[in-house]
Structures are given as structure tokens and as C-alpha cells.
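As stored in entry_12.pdb (PDB, C-alpha atoms, pLDDT in the B column):
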ATOM      1  CA  MET A   5    -238.701-262.869 106.222  1.00 46.00           C
ATOM      2  CA  LEU A   6    -241.586-262.241 103.792  1.00 44.00           C
ATOM      3  CA  THR A   7    -241.006-261.617 100.107  1.00 42.00           C
ATOM      4  CA  THR A   8    -243.367-260.831  97.202  1.00 47.00           C
ATOM      5  CA  GLY A   9    -241.771-263.329  94.817  1.00 51.00           C
ATOM      6  CA  LYS A  10    -244.250-266.136  95.713  1.00 50.00           C
ATOM      7  CA  PRO A  11    -247.851-265.969  96.966  1.00 53.00           C
ATOM      8  CA  LEU A  12    -248.463-266.709 100.645  1.00 50.00           C
ATOM      9  CA  THR A  13    -250.534-269.771 101.483  1.00 50.00           C
ATOM     10  CA  TRP A  14    -252.474-270.777 104.612  1.00 51.00           C
ATOM     11  CA  ALA A  15    -254.011-274.275 104.934  1.00 50.00           C
ATOM     12  CA  GLY A  16    -253.389-274.889 101.233  1.00 53.00           C
ATOM     13  CA  LYS A  17    -255.146-271.707 100.054  1.00 51.00           C
ATOM     14  CA  VAL A  18    -253.509-268.716  98.437  1.00 52.00           C
ATOM     15  CA  LEU A  19    -253.828-265.554 100.527  1.00 50.00           C
ATOM     16  CA  PRO A  20    -254.359-262.132  98.996  1.00 52.00           C
ATOM     17  CA  ALA A  21    -251.260-260.099  98.286  1.00 53.00           C
ATOM     18  CA  LEU A  22    -249.899-258.291 101.347  1.00 49.00           C
ATOM     19  CA  HIS A  23    -248.618-254.790 101.367  1.00 52.00           C
ATOM     20  CA  GLY A  24    -247.055-252.379 103.849  1.00 53.00           C
ATOM     21  CA  PHE A  25    -248.526-252.699 107.352  1.00 48.00           C
ATOM     22  CA  TRP A  26    -249.720-256.287 106.874  1.00 50.00           C
ATOM     23  CA  LEU A  27    -246.224-257.460 105.957  1.00 49.00           C
ATOM     24  CA  VAL A  28    -245.203-256.542 109.506  1.00 47.00           C
ATOM     25  CA  LEU A  29    -248.393-257.513 111.383  1.00 51.00           C
ATOM     26  CA  ILE A  30    -248.853-261.100 110.146  1.00 49.00           C
ATOM     27  CA  PRO A  31    -245.528-262.544 111.393  1.00 48.00           C
ATOM     28  CA  LEU A  32    -246.087-260.905 114.757  1.00 46.00           C
ATOM     29  CA  LEU A  33    -249.562-262.417 115.088  1.00 48.00           C
ATOM     30  CA  LEU A  34    -248.131-265.825 114.264  1.00 46.00           C
ATOM     31  CA  ASN A  35    -245.594-265.468 117.084  1.00 49.00           C
ATOM     32  CA  LEU A  36    -247.696-264.191 119.966  1.00 42.00           C
ATOM     33  CA  SER A  37    -245.670-266.329 122.363  1.00 38.00           C
ATOM     34  CA  PHE A  38    -242.940-263.721 121.948  1.00 35.00           C
ATOM     35  CA  PHE A  39    -245.093-261.326 123.964  1.00 36.00           C
ATOM     36  CA  PHE A  40    -246.607-263.787 126.431  1.00 36.00           C
ATOM     37  CA  SER A  41    -243.505-265.673 127.494  1.00 35.00           C
ATOM     38  CA  PRO A  42    -243.926-266.693 131.178  1.00 36.00           C
ATOM     39  CA  CYS A  43    -240.561-265.299 132.202  1.00 35.00           C
ATOM     40  CA  CYS A  44    -238.507-262.480 130.808  1.00 32.00           C
ATOM     41  CA  PRO A  45    -234.774-263.399 130.518  1.00 30.00           C
ATOM     42  CA  ALA A  46    -233.756-260.132 132.174  1.00 30.00           C
ATOM     43  CA  ASP A  47    -235.935-260.885 135.205  1.00 27.00           C
ATOM     44  CA  SER A  48    -234.559-264.400 135.583  1.00 25.00           C
ATOM     45  CA  GLN A  49    -231.020-263.078 135.554  1.00 24.00           C
ATOM     46  CA  VAL A  50    -231.859-260.619 138.307  1.00 26.00           C
ATOM     47  CA  LEU A  51    -233.427-263.352 140.438  1.00 25.00           C
ATOM     48  CA  GLN A  52    -230.348-265.517 140.079  1.00 27.00           C
ATOM     49  CA  GLU A  53    -227.975-262.793 141.158  1.00 32.00           C
ATOM     50  CA  PRO A  54    -226.529-263.297 144.683  1.00 35.00           C
ATOM     51  CA  GLY A  55    -228.887-261.598 147.153  1.00 42.00           C
ATOM     52  CA  ASP A  56    -228.372-259.831 150.462  1.00 51.00           C
ATOM     53  CA  ARG A  57    -229.162-263.054 152.340  1.00 54.00           C
ATOM     54  CA  SER A  58    -225.636-264.415 151.951  1.00 81.00           C
ATOM     55  CA  HIS A  59    -224.751-262.878 155.326  1.00 89.00           C
ATOM     56  CA  TRP A  60    -225.739-264.558 158.590  1.00 93.00           C
ATOM     57  CA  CYS A  61    -225.799-261.328 160.604  1.00 95.00           C
ATOM     58  CA  VAL A  62    -225.154-257.598 160.477  1.00 95.00           C
ATOM     59  CA  VAL A  63    -223.521-255.565 163.245  1.00 97.00           C
ATOM     60  CA  ALA A  64    -224.228-251.949 164.188  1.00 97.00           C
ATOM     61  CA  TYR A  65    -221.994-249.947 166.549  1.00 98.00           C
ATOM     62  CA  TRP A  66    -223.630-247.328 168.779  1.00 97.00           C
ATOM     63  CA  GLU A  67    -222.401-244.627 171.116  1.00 97.00           C
ATOM     64  CA  GLU A  68    -225.299-243.834 173.425  1.00 97.00           C
ATOM     65  CA  LYS A  69    -228.267-242.964 171.136  1.00 96.00           C
ATOM     66  CA  THR A  70    -226.204-242.465 167.972  1.00 96.00           C
ATOM     67  CA  ARG A  71    -225.208-245.142 165.529  1.00 96.00           C
ATOM     68  CA  VAL A  72    -221.638-244.725 164.347  1.00 97.00           C
ATOM     69  CA  GLY A  73    -220.601-245.849 160.868  1.00 94.00           C
ATOM     70  CA  ARG A  74    -222.307-248.282 158.542  1.00 94.00           C
ATOM     71  CA  LEU A  75    -223.838-251.673 159.181  1.00 95.00           C
ATOM     72  CA  TYR A  76    -221.189-254.391 159.015  1.00 95.00           C
ATOM     73  CA  SER A  77    -222.358-257.459 157.075  1.00 95.00           C
ATOM     74  CA  VAL A  78    -220.884-260.788 158.207  1.00 95.00           C
ATOM     75  CA  GLN A  79    -220.391-263.718 155.820  1.00 93.00           C
ATOM     76  CA  GLU A  80    -217.510-265.560 157.496  1.00 93.00           C
ATOM     77  CA  PRO A  81    -218.357-267.944 160.385  1.00 94.00           C
ATOM     78  CA  SER A  82    -216.238-265.924 162.831  1.00 94.00           C
ATOM     79  CA  LEU A  83    -215.769-262.176 163.338  1.00 95.00           C
ATOM     80  CA  ASP A  84    -213.446-260.198 165.614  1.00 95.00           C
ATOM     81  CA  ILE A  85    -214.788-256.823 166.758  1.00 96.00           C
ATOM     82  CA  PHE A  86    -212.088-254.655 168.332  1.00 95.00           C
ATOM     83  CA  TYR A  87    -211.145-251.023 168.738  1.00 91.00           C
ATOM     84  CA  ASP A  88    -207.681-249.992 167.613  1.00 81.00           C
ATOM     85  CA  LEU A  89    -205.473-253.042 168.016  1.00 66.00           C
ATOM     86  CA  PRO A  90    -204.156-254.722 164.849  1.00 68.00           C
ATOM     87  CA  GLN A  91    -206.172-257.928 164.713  1.00 58.00           C
ATOM     88  CA  GLY A  92    -206.150-258.698 160.996  1.00 60.00           C
ATOM     89  CA  ASN A  93    -209.569-259.145 159.382  1.00 73.00           C
ATOM     90  CA  GLY A  94    -212.474-257.892 161.447  1.00 90.00           C
ATOM     91  CA  PHE A  95    -214.628-254.942 162.424  1.00 94.00           C
ATOM     92  CA  CYS A  96    -212.328-252.173 163.686  1.00 94.00           C
ATOM     93  CA  LEU A  97    -214.432-249.681 165.655  1.00 94.00           C
ATOM     94  CA  GLY A  98    -211.538-247.222 165.858  1.00 91.00           C
ATOM     95  CA  GLN A  99    -211.741-246.610 162.118  1.00 91.00           C
ATOM     96  CA  LEU A 100    -215.285-245.275 162.364  1.00 92.00           C
ATOM     97  CA  ASN A 101    -215.818-241.533 162.443  1.00 90.00           C
ATOM     98  CA  SER A 102    -217.455-240.422 165.671  1.00 91.00           C
ATOM     99  CA  ASP A 103    -218.345-236.878 166.721  1.00 89.00           C
ATOM    100  CA  ASN A 104    -219.114-237.859 170.312  1.00 90.00           C
ATOM    101  CA  LYS A 105    -216.953-235.795 172.695  1.00 89.00           C
ATOM    102  CA  SER A 106    -218.313-237.312 175.910  1.00 94.00           C
ATOM    103  CA  GLN A 107    -215.511-238.116 178.354  1.00 95.00           C
ATOM    104  CA  LEU A 108    -217.304-241.284 179.437  1.00 96.00           C
ATOM    105  CA  VAL A 109    -217.621-242.486 175.833  1.00 96.00           C
ATOM    106  CA  GLN A 110    -213.955-241.805 175.188  1.00 95.00           C
ATOM    107  CA  LYS A 111    -212.995-243.599 178.407  1.00 96.00           C
ATOM    108  CA  VAL A 112    -215.004-246.707 177.510  1.00 97.00           C
ATOM    109  CA  ARG A 113    -213.638-246.648 173.953  1.00 95.00           C
ATOM    110  CA  SER A 114    -210.130-246.909 175.347  1.00 94.00           C
ATOM    111  CA  LYS A 115    -211.148-250.051 177.278  1.00 96.00           C
ATOM    112  CA  ILE A 116    -212.635-251.995 174.363  1.00 96.00           C
ATOM    113  CA  GLY A 117    -209.185-253.230 173.338  1.00 93.00           C
ATOM    114  CA  TYR A 118    -209.336-256.716 171.812  1.00 93.00           C
ATOM    115  CA  GLY A 119    -213.129-256.553 172.080  1.00 95.00           C
ATOM    116  CA  ILE A 120    -215.164-259.650 171.330  1.00 96.00           C
ATOM    117  CA  GLN A 121    -215.386-262.519 168.896  1.00 96.00           C
ATOM    118  CA  LEU A 122    -218.668-263.641 167.322  1.00 96.00           C
ATOM    119  CA  THR A 123    -218.683-267.258 166.175  1.00 96.00           C
ATOM    120  CA  LYS A 124    -221.474-269.097 164.383  1.00 95.00           C
ATOM    121  CA  GLU A 125    -221.557-272.717 165.542  1.00 94.00           C
ATOM    122  CA  VAL A 126    -223.934-275.596 164.817  1.00 91.00           C
ATOM    123  CA  ASP A 127    -225.858-274.968 168.050  1.00 88.00           C
ATOM    124  CA  GLY A 128    -226.007-271.184 167.782  1.00 94.00           C
ATOM    125  CA  VAL A 129    -223.870-268.057 168.009  1.00 96.00           C
ATOM    126  CA  TRP A 130    -221.237-267.702 170.717  1.00 97.00           C
ATOM    127  CA  VAL A 131    -219.695-264.493 172.031  1.00 98.00           C
ATOM    128  CA  TYR A 132    -216.196-264.650 173.488  1.00 97.00           C
ATOM    129  CA  ASN A 133    -214.980-261.726 175.601  1.00 97.00           C
ATOM    130  CA  ARG A 134    -211.415-261.004 174.467  1.00 95.00           C
ATOM    131  CA  SER A 135    -211.151-257.665 176.266  1.00 95.00           C
ATOM    132  CA  SER A 136    -209.867-256.911 179.755  1.00 96.00           C
ATOM    133  CA  TYR A 137    -213.255-255.710 181.015  1.00 98.00           C
ATOM    134  CA  PRO A 138    -216.732-257.260 181.338  1.00 98.00           C
ATOM    135  CA  ILE A 139    -219.276-257.132 178.561  1.00 98.00           C
ATOM    136  CA  PHE A 140    -223.051-257.215 179.018  1.00 98.00           C
ATOM    137  CA  ILE A 141    -225.453-259.136 176.777  1.00 97.00           C
ATOM    138  CA  LYS A 142    -229.200-259.173 176.292  1.00 94.00           C
ATOM    139  CA  SER A 143    -230.819-261.842 174.119  1.00 92.00           C
ATOM    140  CA  ALA A 144    -234.303-263.324 173.869  1.00 87.00           C
ATOM    141  CA  THR A 145    -232.861-266.854 173.724  1.00 90.00           C
ATOM    142  CA  LEU A 146    -230.887-266.501 176.971  1.00 91.00           C
ATOM    143  CA  ASP A 147    -233.953-266.280 179.190  1.00 82.00           C
ATOM    144  CA  ASN A 148    -237.169-268.076 179.999  1.00 75.00           C
ATOM    145  CA  PRO A 149    -239.586-267.476 177.086  1.00 66.00           C
ATOM    146  CA  ASP A 150    -242.345-266.745 179.619  1.00 66.00           C
ATOM    147  CA  SER A 151    -240.294-263.986 181.249  1.00 67.00           C
ATOM    148  CA  ARG A 152    -241.824-260.534 180.851  1.00 67.00           C
ATOM    149  CA  THR A 153    -238.429-258.812 181.126  1.00 75.00           C
ATOM    150  CA  LEU A 154    -235.199-260.008 179.521  1.00 81.00           C
ATOM    151  CA  LEU A 155    -232.214-260.070 181.833  1.00 89.00           C
ATOM    152  CA  VAL A 156    -228.829-258.572 181.026  1.00 94.00           C
ATOM    153  CA  HIS A 157    -226.041-261.134 181.397  1.00 95.00           C
ATOM    154  CA  LYS A 158    -222.538-260.174 182.492  1.00 97.00           C
ATOM    155  CA  VAL A 159    -219.637-261.963 180.798  1.00 98.00           C
ATOM    156  CA  PHE A 160    -216.200-261.606 182.383  1.00 98.00           C
ATOM    157  CA  PRO A 161    -212.937-261.339 180.411  1.00 98.00           C
ATOM    158  CA  GLY A 162    -211.785-264.652 178.979  1.00 97.00           C
ATOM    159  CA  PHE A 163    -215.266-266.215 179.165  1.00 98.00           C
ATOM    160  CA  SER A 164    -217.826-266.980 176.468  1.00 97.00           C
ATOM    161  CA  ILE A 165    -221.592-267.405 176.271  1.00 97.00           C
ATOM    162  CA  LYS A 166    -224.025-268.810 173.712  1.00 96.00           C
ATOM    163  CA  ALA A 167    -225.734-265.511 173.052  1.00 96.00           C
ATOM    164  CA  PHE A 168    -228.121-266.741 170.392  1.00 95.00           C
ATOM    165  CA  ASP A 169    -229.880-270.038 169.747  1.00 93.00           C
ATOM    166  CA  TYR A 170    -231.512-270.352 166.300  1.00 90.00           C
ATOM    167  CA  GLU A 171    -233.777-273.251 167.223  1.00 89.00           C
ATOM    168  CA  LYS A 172    -235.036-271.505 170.340  1.00 89.00           C
ATOM    169  CA  ALA A 173    -235.510-268.243 168.447  1.00 87.00           C
ATOM    170  CA  TYR A 174    -237.827-269.917 165.948  1.00 83.00           C
ATOM    171  CA  THR A 175    -239.952-271.341 168.755  1.00 82.00           C
ATOM    172  CA  LEU A 176    -240.339-267.808 170.115  1.00 76.00           C
ATOM    173  CA  GLN A 177    -241.959-266.606 166.892  1.00 62.00           C
ATOM    174  CA  ARG A 178    -245.639-265.801 167.133  1.00 49.00           C
ATOM    175  CA  PRO A 179    -247.096-265.953 163.595  1.00 47.00           C
ATOM    176  CA  ASN A 180    -250.497-264.653 164.763  1.00 43.00           C
ATOM    177  CA  ASP A 181    -248.987-261.606 166.438  1.00 41.00           C
ATOM    178  CA  HIS A 182    -249.405-258.712 164.004  1.00 41.00           C
ATOM    179  CA  GLU A 183    -246.747-256.555 165.639  1.00 37.00           C
ATOM    180  CA  PHE A 184    -244.232-259.398 165.582  1.00 40.00           C
ATOM    181  CA  THR A 185    -244.851-260.277 161.940  1.00 38.00           C
ATOM    182  CA  GLN A 186    -244.387-256.656 160.989  1.00 40.00           C
ATOM    183  CA  GLN A 187    -240.983-256.677 162.736  1.00 41.00           C
ATOM    184  CA  PRO A 188    -239.609-260.223 162.322  1.00 41.00           C
ATOM    185  CA  TRP A 189    -236.120-259.229 163.465  1.00 42.00           C
ATOM    186  CA  THR A 190    -237.212-258.543 167.065  1.00 55.00           C
ATOM    187  CA  GLY A 191    -236.398-262.022 168.335  1.00 69.00           C
ATOM    188  CA  PHE A 192    -233.268-262.234 166.196  1.00 87.00           C
ATOM    189  CA  THR A 193    -231.341-259.391 167.803  1.00 92.00           C
ATOM    190  CA  VAL A 194    -228.638-259.409 170.475  1.00 95.00           C
ATOM    191  CA  GLN A 195    -227.406-256.291 172.269  1.00 96.00           C
ATOM    192  CA  ILE A 196    -223.883-256.119 173.698  1.00 98.00           C
ATOM    193  CA  SER A 197    -222.474-253.298 175.825  1.00 98.00           C
ATOM    194  CA  PHE A 198    -218.784-252.789 176.542  1.00 98.00           C
ATOM    195  CA  VAL A 199    -217.773-252.171 180.185  1.00 98.00           C
ATOM    196  CA  LYS A 200    -221.110-250.678 181.334  1.00 97.00           C
ATOM    197  CA  GLY A 201    -224.264-252.658 182.128  1.00 97.00           C
ATOM    198  CA  TRP A 202    -227.915-251.649 181.970  1.00 96.00           C
ATOM    199  CA  GLY A 203    -231.304-252.868 183.117  1.00 91.00           C
ATOM    200  CA  GLN A 204    -232.854-253.720 186.492  1.00 87.00           C
ATOM    201  CA  CYS A 205    -229.577-254.092 188.373  1.00 88.00           C
ATOM    202  CA  TYR A 206    -227.897-250.954 187.021  1.00 93.00           C
ATOM    203  CA  THR A 207    -228.383-247.222 187.084  1.00 93.00           C
ATOM    204  CA  ARG A 208    -228.813-247.186 183.303  1.00 95.00           C
ATOM    205  CA  GLN A 209    -232.228-248.601 182.454  1.00 93.00           C
ATOM    206  CA  PHE A 210    -231.792-248.640 178.679  1.00 94.00           C
ATOM    207  CA  ILE A 211    -228.901-249.702 176.488  1.00 95.00           C
ATOM    208  CA  SER A 212    -229.144-246.389 174.648  1.00 95.00           C
ATOM    209  CA  SER A 213    -227.685-244.843 177.817  1.00 96.00           C
ATOM    210  CA  CYS A 214    -224.563-247.025 177.551  1.00 97.00           C
ATOM    211  CA  PRO A 215    -221.426-245.329 176.150  1.00 97.00           C
ATOM    212  CA  CYS A 216    -220.402-247.996 173.605  1.00 98.00           C
ATOM    213  CA  TRP A 217    -222.531-250.901 172.488  1.00 98.00           C
ATOM    214  CA  LEU A 218    -223.308-253.251 169.622  1.00 98.00           C
ATOM    215  CA  GLU A 219    -226.511-254.441 168.012  1.00 96.00           C
ATOM    216  CA  VAL A 220    -226.224-257.802 166.252  1.00 96.00           C
ATOM    217  CA  ILE A 221    -229.129-258.617 163.922  1.00 94.00           C
ATOM    218  CA  PHE A 222    -229.292-262.211 162.720  1.00 92.00           C
ATOM    219  CA  ASN A 223    -230.597-263.316 159.353  1.00 85.00           C
ATOM    220  CA  ASN A 224    -233.686-265.418 160.058  1.00 73.00           C
ATOM    221  CA  ARG A 225    -233.970-266.877 156.527  1.00 60.00           C
TER     222      ARG A 225
END

File written out as C-alpha cells:
Amino acid sequence: MLTTGKPLTWAGKVLPALHGFWLVLIPLLLNLSFFFSPCCPADSQVLQEPGDRSHWCVVAYWEEKTRVGRLYSVQEPSLDIFYDLPQGNGFCLGQLNSDNKSQLVQKVRSKIGYGIQLTKEVDGVWVYNRSSYPIFIKSATLDNPDSRTLLVHKVFPGFSIKAFDYEKAYTLQRPNDHEFTQQPWTGFTVQISFVKGWGQCYTRQFISSCPCWLEVIFNNR
């Protein structure tokens, strides 16, 4: 703090008396680093806050062309996805509000039962069919990378399949492909339909025609 009791000196010389505005300006000029600090403390605190990348995947539930409910973020290594049976912690589809009155949708809903289990393992992500009916899965890492059309794989009750392979997914990335780099999640998505299949071998050509299905989007960071 500056006072007028003693004269100010700079390099051994007495400076002229300071008044008013200069009493404020001089100390600021001598501390310019206050303004040009390389990192603002507030910014560093924001950067250190836990981000959205703590999850390893998010799950969306769809009924035909309509997404029902919010995206479900998954942090735990295993997740049960079921309809209305008490299964403890998990994604209960029966608790989501749906306005779909289709008889087929309601019929398939009633067959989801124990549903599926997603498990993240060292070698990839496995899907275990815990329901009493088949499930159908489409994933880029399940097929030949040179294939022009991805096949839909049928998984019977009580069986499991490695639906996603991280290492293989990274090899499928095409960094020079503008469309791919604009949508990096394309190769990191798995689609799962309950009860009803789709694709070349079925009457439904697109998963959006299936009554009840899931979209699992993996974190590629």
C-alpha cells in the first residue's frame, strides 16, 4: 500500500510526488503478471472437474422410430436391462413413460422379461440374453470389415456373444474419411432388438421398424 509519509524511489532516485490516479496506476503497472497469468484459477478448477467421459457407454431405448426416456449412462462394468421384474440395480424399461399404443409393441414389451446383461470385459463387451426369447444384434465388430452390409446376429435365450471389440473397432476407423471423422460414434454403436429381427433375412429391413430395441453407444476415448 502506498503512503505519502515518505518519498517513492526507483533505482535510487526520488520520484515526483504521486497523487490521485497515479497512486492506483503505478502498483498495477508493476504487477502486470496479474493480468497475463497463463491460467486462470477458475478455468483450471473447471478442467479438473469430473467430465462426462467417466462412463464407458450410454444406452437408448426405442420403440419403433421413437426414443423412449432419457439416455442411460453406464459407469459400472456390468448392467442389467430388463422390463418390469425386480432385478435390483439396472435399467428398468418398464419405468419409462411410453405413449405407444401399438399392440405389437405392447406384446413384445411383455416378452422382454429379464432382458439382457451388458458386461465390459478385458477383450470387449459381452451381451448375455437373460430373457426367454431371442435377441438380435448388429455390430460393426461382429462382421468382416470388408463386408458392405452388416449382418444381424440372433442370440438365443441363455447364450451370450461378444457384441463389441474395442481393438477391432479402432482398426475400423478411417481418419481420412471426412464423414467418419464428423461422426466418430458410427463404429462404436451396437443395436439390439428384443424378440423381432431385421435385415436381409427378415421382413423388417430397418431396426426402426422393430417394436422394442436398444442402441448402445460406446465411449471411444

Problem - 9 Å contact set for Ser82 (chain A), all atoms listed in the file, chain neighbours under 3 positions out, as a ChimeraX atom specification - result: /A:78-79,94,121-124

Practice task
Pick out the closest residue to Val129 (chain A) from this set: A:Asn223, A:Gln209, A:Ser114, A:Ser77. Count all atoms listed in the file.
Solution key: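 Among the listed residues, A:Asn223 lies closest to Val129 (chain A).
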
Exercise for the section: Identify which of the residues A:Leu97, A:Leu146, A:Val112, A:Ile139 lies closest to Ala173 (chain A), counting only C-alpha atoms when measuring atom-to-atom distances. Expected result: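 Going through A:Leu97, A:Leu146, A:Val112, A:Ile139 one by one, the smallest distance to Ala173 (chain A) is for A:Leu146.
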
Exercise for the section: Taking the file as shown, find all residues satisfying the PyMOL selection byres ((chain A and resi 161) around 6) and write them as a ChimeraX atom specification. Expected result: /A:133,135-138,160,162-163

Exercise for the section: Calculate how many Å separate CA of Asn104 (chain A) from CA of Val156 (chain A), rounding to one decimal. Expected result: 25.3 Å

Practice task
Between CA of Ala64 (chain A) and CA of Gln195 (chain A), measure the distance and give it in Å to one decimal.
Solution key: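 Distance reported for this atom pair: 9.7 Å.
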
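Taking CA of Ile141 (chain A) and CA of Lys166 (chain A) as the two end points, the separation is 10.2 Å.
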
Completion exercise
His157 (chain A) proximity check over A:Gln204, A:Asn224, A:Asn101, A:Gln110, using only C-alpha atoms: winner is A:Gln204

Residue members of the PyMOL selection byres ((chain A and resi 75) around 7) in the file shown, as an mmCIF file with C-alpha atoms, in the frame of the given file:
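Listed below is the output, part.cif:
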data_model
loop_
_atom_site.group_PDB
_atom_site.id
_atom_site.type_symbol
_atom_site.label_atom_id
_atom_site.label_comp_id
_atom_site.auth_asym_id
_atom_site.auth_seq_id
_atom_site.Cartn_x
_atom_site.Cartn_y
_atom_site.Cartn_z
ATOM 1 C CA VAL A 62 -225.154 -257.598 160.477
ATOM 2 C CA VAL A 63 -223.521 -255.565 163.245
ATOM 3 C CA ALA A 64 -224.228 -251.949 164.188
ATOM 4 C CA GLY A 73 -220.601 -245.849 160.868
ATOM 5 C CA ARG A 74 -222.307 -248.282 158.542
ATOM 6 C CA TYR A 76 -221.189 -254.391 159.015
ATOM 7 C CA SER A 77 -222.358 -257.459 157.075
#

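Shortest separation to Thr153 (chain A) among A:Arg208, A:Arg71, A:Pro81, A:Gly203 occurs at residue A:Gly203, atoms counted being only C-alpha atoms.
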
Practice task
Quick one: apply the PyMOL selection byres ((chain A and resi 88) around 12) to the file and drop the selected residues here as a list in words.
Solution key: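 Those residues are Asp84, Ile85, Phe86, Tyr87, Leu89, Pro90, Gln91, Gly92, Gly94, Phe95, Cys96, Leu97, Gly98, Gln99, Leu100, Arg113, Ser114, Lys115, Ile116, Gly117, Tyr118 and Gly119 of chain A.
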
Starting from the point (-217.3, -243.0, 176.5), work out which residues of protein, DNA or RNA have an atom no more than 12 Å away when counting only C-alpha atoms; state them as a tab-separated table (two decimals) with C-alpha atoms, in the coordinates of the input.
chain	number	residue	atom	x	y	z
A	66	TRP	CA	-223.63	-247.33	168.78
A	67	GLU	CA	-222.40	-244.63	171.12
A	68	GLU	CA	-225.30	-243.83	173.42
A	102	SER	CA	-217.46	-240.42	165.67
A	103	ASP	CA	-218.34	-236.88	166.72
A	104	ASN	CA	-219.11	-237.86	170.31
A	105	LYS	CA	-216.95	-235.80	172.70
A	106	SER	CA	-218.31	-237.31	175.91
A	107	GLN	CA	-215.51	-238.12	178.35
A	108	LEU	CA	-217.30	-241.28	179.44
A	109	VAL	CA	-217.62	-242.49	175.83
A	110	GLN	CA	-213.96	-241.80	175.19
A	111	LYS	CA	-213.00	-243.60	178.41
A	112	VAL	CA	-215.00	-246.71	177.51
A	113	ARG	CA	-213.64	-246.65	173.95
A	114	SER	CA	-210.13	-246.91	175.35
A	115	LYS	CA	-211.15	-250.05	177.28
A	116	ILE	CA	-212.64	-252.00	174.36
A	197	SER	CA	-222.47	-253.30	175.82
A	198	PHE	CA	-218.78	-252.79	176.54
A	199	VAL	CA	-217.77	-252.17	180.18
A	200	LYS	CA	-221.11	-250.68	181.33
A	213	SER	CA	-227.68	-244.84	177.82
A	214	CYS	CA	-224.56	-247.02	177.55
A	215	PRO	CA	-221.43	-245.33	176.15
A	216	CYS	CA	-220.40	-248.00	173.60
A	217	TRP	CA	-222.53	-250.90	172.49

Can you give me N, CA and C atoms for region 99-116 of chain A, written as a PDB file, keeping the file's coordinate frame?
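The result, stored in rebuild-v8.pdb:
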ATOM      1  N   GLN A  99    -211.782-247.212 163.446  1.00 91.00           N
ATOM      2  CA  GLN A  99    -211.741-246.610 162.118  1.00 91.00           C
ATOM      3  C   GLN A  99    -213.019-245.860 161.765  1.00 91.00           C
ATOM      4  N   LEU A 100    -214.030-245.969 162.616  1.00 92.00           N
ATOM      5  CA  LEU A 100    -215.285-245.275 162.364  1.00 92.00           C
ATOM      6  C   LEU A 100    -215.191-243.829 162.828  1.00 92.00           C
ATOM      7  N   ASN A 101    -215.824-242.952 162.086  1.00 90.00           N
ATOM      8  CA  ASN A 101    -215.818-241.533 162.443  1.00 90.00           C
ATOM      9  C   ASN A 101    -216.915-241.235 163.455  1.00 90.00           C
ATOM     10  N   SER A 102    -216.498-240.757 164.618  1.00 91.00           N
ATOM     11  CA  SER A 102    -217.455-240.422 165.671  1.00 91.00           C
ATOM     12  C   SER A 102    -217.258-238.979 166.117  1.00 91.00           C
ATOM     13  N   ASP A 103    -218.391-238.274 166.268  1.00 89.00           N
ATOM     14  CA  ASP A 103    -218.345-236.878 166.721  1.00 89.00           C
ATOM     15  C   ASP A 103    -218.636-236.754 168.216  1.00 89.00           C
ATOM     16  N   ASN A 104    -218.779-237.887 168.885  1.00 90.00           N
ATOM     17  CA  ASN A 104    -219.114-237.859 170.312  1.00 90.00           C
ATOM     18  C   ASN A 104    -217.905-237.433 171.140  1.00 90.00           C
ATOM     19  N   LYS A 105    -218.052-236.338 171.887  1.00 89.00           N
ATOM     20  CA  LYS A 105    -216.953-235.795 172.695  1.00 89.00           C
ATOM     21  C   LYS A 105    -217.111-236.131 174.180  1.00 89.00           C
ATOM     22  N   SER A 106    -218.086-236.949 174.511  1.00 94.00           N
ATOM     23  CA  SER A 106    -218.313-237.312 175.910  1.00 94.00           C
ATOM     24  C   SER A 106    -217.080-237.980 176.504  1.00 94.00           C
ATOM     25  N   GLN A 107    -216.681-237.534 177.692  1.00 95.00           N
ATOM     26  CA  GLN A 107    -215.511-238.116 178.354  1.00 95.00           C
ATOM     27  C   GLN A 107    -215.755-239.579 178.698  1.00 95.00           C
ATOM     28  N   LEU A 108    -216.992-239.903 179.088  1.00 96.00           N
ATOM     29  CA  LEU A 108    -217.304-241.284 179.437  1.00 96.00           C
ATOM     30  C   LEU A 108    -217.201-242.185 178.202  1.00 96.00           C
ATOM     31  N   VAL A 109    -217.702-241.707 177.074  1.00 96.00           N
ATOM     32  CA  VAL A 109    -217.621-242.486 175.833  1.00 96.00           C
ATOM     33  C   VAL A 109    -216.164-242.713 175.456  1.00 96.00           C
ATOM     34  N   GLN A 110    -215.369-241.688 175.525  1.00 95.00           N
ATOM     35  CA  GLN A 110    -213.955-241.805 175.188  1.00 95.00           C
ATOM     36  C   GLN A 110    -213.232-242.750 176.149  1.00 95.00           C
ATOM     37  N   LYS A 111    -213.612-242.717 177.415  1.00 96.00           N
ATOM     38  CA  LYS A 111    -212.995-243.599 178.407  1.00 96.00           C
ATOM     39  C   LYS A 111    -213.326-245.060 178.119  1.00 96.00           C
ATOM     40  N   VAL A 112    -214.593-245.326 177.805  1.00 97.00           N
ATOM     41  CA  VAL A 112    -215.004-246.707 177.510  1.00 97.00           C
ATOM     42  C   VAL A 112    -214.377-247.178 176.205  1.00 97.00           C
ATOM     43  N   ARG A 113    -214.295-246.303 175.212  1.00 95.00           N
ATOM     44  CA  ARG A 113    -213.638-246.648 173.953  1.00 95.00           C
ATOM     45  C   ARG A 113    -212.236-247.195 174.202  1.00 95.00           C
ATOM     46  N   SER A 114    -211.520-246.523 175.083  1.00 94.00           N
ATOM     47  CA  SER A 114    -210.130-246.909 175.347  1.00 94.00           C
ATOM     48  C   SER A 114    -210.031-248.270 176.034  1.00 94.00           C
ATOM     49  N   LYS A 115    -211.159-248.768 176.569  1.00 96.00           N
ATOM     50  CA  LYS A 115    -211.148-250.051 177.278  1.00 96.00           C
ATOM     51  C   LYS A 115    -211.662-251.215 176.422  1.00 96.00           C
ATOM     52  N   ILE A 116    -212.120-250.926 175.219  1.00 96.00           N
ATOM     53  CA  ILE A 116    -212.635-251.995 174.363  1.00 96.00           C
ATOM     54  C   ILE A 116    -211.520-252.962 173.969  1.00 96.00           C
TER      55      ILE A 116
END
